[in-house]
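Inspection log for the structure reproduced underneath, given as structure tokens.
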Amino acid sequence: MYTRLVSIEDEIREAATKYRLDHLLGVDIAVIHNPRSKSRAVARIWGLNKIFQVVYGWGPAYVIELLAPFARLTCEQRVKTLAHELAHIPATGSGALRPHNKAFWRDYRRYSRLFVCGDFPSLQKLTLK
């Protein structure tokens, strides 16, 4: 059902290092493809709530879920989509998700200006079914 896209995870870490987005390096970020979702959304992000982190002794973690419509996007649109999902991760990297507030839009604009297709070669070749 789900396919983990480790190459994109690696490229997110490389881009975070390149652009000094240190708060993204302090959390685990997984990327999966879910071809069976009936959602009209292109992608969504999930955060690991604090209660699970405390009870199980885990650190902050996020999962970016790429849905079926993601496959129809151009590379530039895919990069903007990743920028959008990553902007939901607050600077605290707590596992919480940031809503579409002022800080979200500030970070989204910043990531959209920084990230280019060349930062994510896997997105260029990615074929999702």
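Labels for the structure tokens follow display order: chains A, B, ..., residues from 1 in each chain, ligands from 1.
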Practice problem: Skip Arg78 of chain A itself and residues of its chain fewer than 4 positions away, then list as a PyMOL selection string all residues within 10 Å of it, counting only C-alpha atoms. | Solution: chain A and resi 42-43+66+70-74+82-84+116-117+120+123-124
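Considering only C-alpha atoms, the residue among A:Leu97, A:Cys75, A:Ala91, A:Leu86 positioned nearest to Asp119 of chain A is A:Cys75.
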Quiz item: Out of chain A, which residues get helix (DSSP H, G or I) from DSSP, as a VMD selection string?
Solution: chain A and resid 6 to 18 22 to 25 50 to 56 68 to 72 75 to 86 102 to 114 117 to 119 121 to 125
Self-check item: Ala16 of chain A environment, 12 Å, only C-alpha atoms, sequence neighbours closer than 3 positions dropped, as a ChimeraX atom specification
Solution: /A:9-13,19-27,29,83,86,111,114-115,119-120
Would you save the residues of that selection, restricted to C-alpha atoms, as a JSON list (two decimals), in the first residue's frame?
[["chain", "number", "residue", "atom", "x", "y", "z"],
["A", 9, "GLU", "CA", 14.23, 11.82, 2.25],
["A", 10, "ASP", "CA", 17.98, 11.98, 1.58],
["A", 11, "GLU", "CA", 17.53, 14.91, -0.79],
["A", 12, "ILE", "CA", 15.48, 16.81, 1.81],
["A", 13, "ARG", "CA", 18.33, 16.36, 4.30],
["A", 19, "TYR", "CA", 20.39, 26.01, 2.82],
["A", 20, "ARG", "CA", 21.14, 25.82, 6.57],
["A", 21, "LEU", "CA", 17.61, 24.82, 7.56],
["A", 22, "ASP", "CA", 18.87, 23.31, 10.79],
["A", 23, "HIS", "CA", 15.46, 22.70, 12.34],
["A", 24, "LEU", "CA", 14.72, 20.24, 9.52],
["A", 25, "LEU", "CA", 17.90, 18.33, 10.33],
["A", 26, "GLY", "CA", 16.87, 17.90, 13.97],
["A", 27, "VAL", "CA", 13.83, 15.76, 13.18],
["A", 29, "ILE", "CA", 11.33, 13.12, 8.03],
["A", 83, "ALA", "CA", 8.24, 23.26, 0.25],
["A", 86, "LEU", "CA", 8.06, 21.25, 4.98],
["A", 111, "TYR", "CA", 11.71, 27.45, 0.78],
["A", 114, "LEU", "CA", 15.55, 28.38, -2.24],
["A", 115, "PHE", "CA", 14.56, 24.97, -3.57],
["A", 119, "ASP", "CA", 18.06, 19.90, -5.38],
["A", 120, "PHE", "CA", 15.70, 16.93, -5.80]]
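Every protein or nucleic acid residue with an atom no more than 12 Å from Pro69 of chain A, counting only C-alpha atoms and leaving out same-chain residues fewer than 6 positions away, appears here: A:His33, A:Asn34, A:Pro35, A:Arg36, A:Ser37, A:Lys38, A:Ser39, A:Arg40, A:Ala41, A:Val42, A:Ala43, A:Arg44, A:Gln77, A:Arg78, A:Thr81, A:Thr127, A:Leu128, A:Lys129.
For chain A, backbone-based DSSP assignment of strand (DSSP E or B) covers Thr3, Arg4, Asp28, Ile29, Ala30, Val31, Ile32, His33, Asn34, Ala43, Arg44, Ile45, Trp46, Gly47, Ala61, Tyr62, Val63, Ile64, Glu65, Leu66 and Leu67 of chain A.
Here the question is which of A:Ile8, A:Ala61, A:Ala96, A:Ile51 gets nearest to Val31 of chain A using only C-alpha atoms, and that residue is A:Ile8.
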Exercise. Find the spatial neighbours of Ala103 of chain A, counting only C-alpha atoms, within a cut-off of 12 Å - ignore same-chain residues fewer than 4 positions away - and output them as a PyMOL selection string.
Key: chain A and resi 87-91+97-99+107-110
Please produce a file of the residues just selected, as a PDB file, in the first residue's frame, where the atoms kept are N, CA and C atoms.
ATOM      1  N   ALA A  87       7.094  23.481   5.235  1.00  0.00           N
ATOM      2  CA  ALA A  87       6.782  24.721   5.959  1.00  0.00           C
ATOM      3  C   ALA A  87       5.839  24.461   7.136  1.00  0.00           C
ATOM      4  N   HIS A  88       5.197  23.306   7.156  1.00  0.00           N
ATOM      5  CA  HIS A  88       4.343  22.946   8.293  1.00  0.00           C
ATOM      6  C   HIS A  88       5.160  22.526   9.516  1.00  0.00           C
ATOM      7  N   ILE A  89       6.463  22.282   9.334  1.00  0.00           N
ATOM      8  CA  ILE A  89       7.313  21.877  10.460  1.00  0.00           C
ATOM      9  C   ILE A  89       7.805  23.137  11.159  1.00  0.00           C
ATOM     10  N   PRO A  90       7.416  23.338  12.425  1.00  0.00           N
ATOM     11  CA  PRO A  90       7.818  24.562  13.128  1.00  0.00           C
ATOM     12  C   PRO A  90       9.303  24.547  13.468  1.00  0.00           C
ATOM     13  N   ALA A  91       9.847  25.722  13.738  1.00  0.00           N
ATOM     14  CA  ALA A  91      11.271  25.852  14.077  1.00  0.00           C
ATOM     15  C   ALA A  91      11.622  25.039  15.320  1.00  0.00           C
ATOM     16  N   LEU A  97       2.479  20.268  14.196  1.00  0.00           N
ATOM     17  CA  LEU A  97       2.353  20.809  12.846  1.00  0.00           C
ATOM     18  C   LEU A  97       1.924  22.266  12.914  1.00  0.00           C
ATOM     19  N   ARG A  98       2.548  23.078  12.109  1.00  0.00           N
ATOM     20  CA  ARG A  98       2.220  24.498  12.049  1.00  0.00           C
ATOM     21  C   ARG A  98       1.038  24.682  11.092  1.00  0.00           C
ATOM     22  N   PRO A  99       0.028  25.455  11.509  1.00  0.00           N
ATOM     23  CA  PRO A  99      -1.090  25.745  10.596  1.00  0.00           C
ATOM     24  C   PRO A  99      -0.666  26.777   9.551  1.00  0.00           C
ATOM     25  N   ASP A 107       7.936  30.885   5.852  1.00  0.00           N
ATOM     26  CA  ASP A 107       8.834  29.773   5.541  1.00  0.00           C
ATOM     27  C   ASP A 107       8.531  29.174   4.173  1.00  0.00           C
ATOM     28  N   TYR A 108       7.259  29.096   3.819  1.00  0.00           N
ATOM     29  CA  TYR A 108       6.906  28.553   2.508  1.00  0.00           C
ATOM     30  C   TYR A 108       7.509  29.417   1.396  1.00  0.00           C
ATOM     31  N   ARG A 109       7.385  30.723   1.501  1.00  0.00           N
ATOM     32  CA  ARG A 109       7.980  31.608   0.491  1.00  0.00           C
ATOM     33  C   ARG A 109       9.498  31.442   0.445  1.00  0.00           C
ATOM     34  N   ARG A 110      10.103  31.321   1.614  1.00  0.00           N
ATOM     35  CA  ARG A 110      11.562  31.157   1.679  1.00  0.00           C
ATOM     36  C   ARG A 110      11.984  29.849   1.005  1.00  0.00           C
TER      37      ARG A 110
END
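For the choices A:Met1, A:Gly95, A:Arg113, A:Gly118, the atom-to-atom distance to Gln53 of chain A is smallest for A:Gly95 when using only C-alpha atoms.
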Quiz item: Which of these, A:Asn101, A:Thr3, A:Thr17, A:Ser122, has the shortest distance to Ile32 of chain A once you count only C-alpha atoms?
Solution: A:Thr3
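One distance worth recording is that between atom CA of Trp58 of chain A and atom CA of Ser94 of chain A, which is 11.3 Å.
Taking atom CA of Glu65 of chain A as the reference point, atom CA of Lys50 of chain A is found at 20.0 Å.
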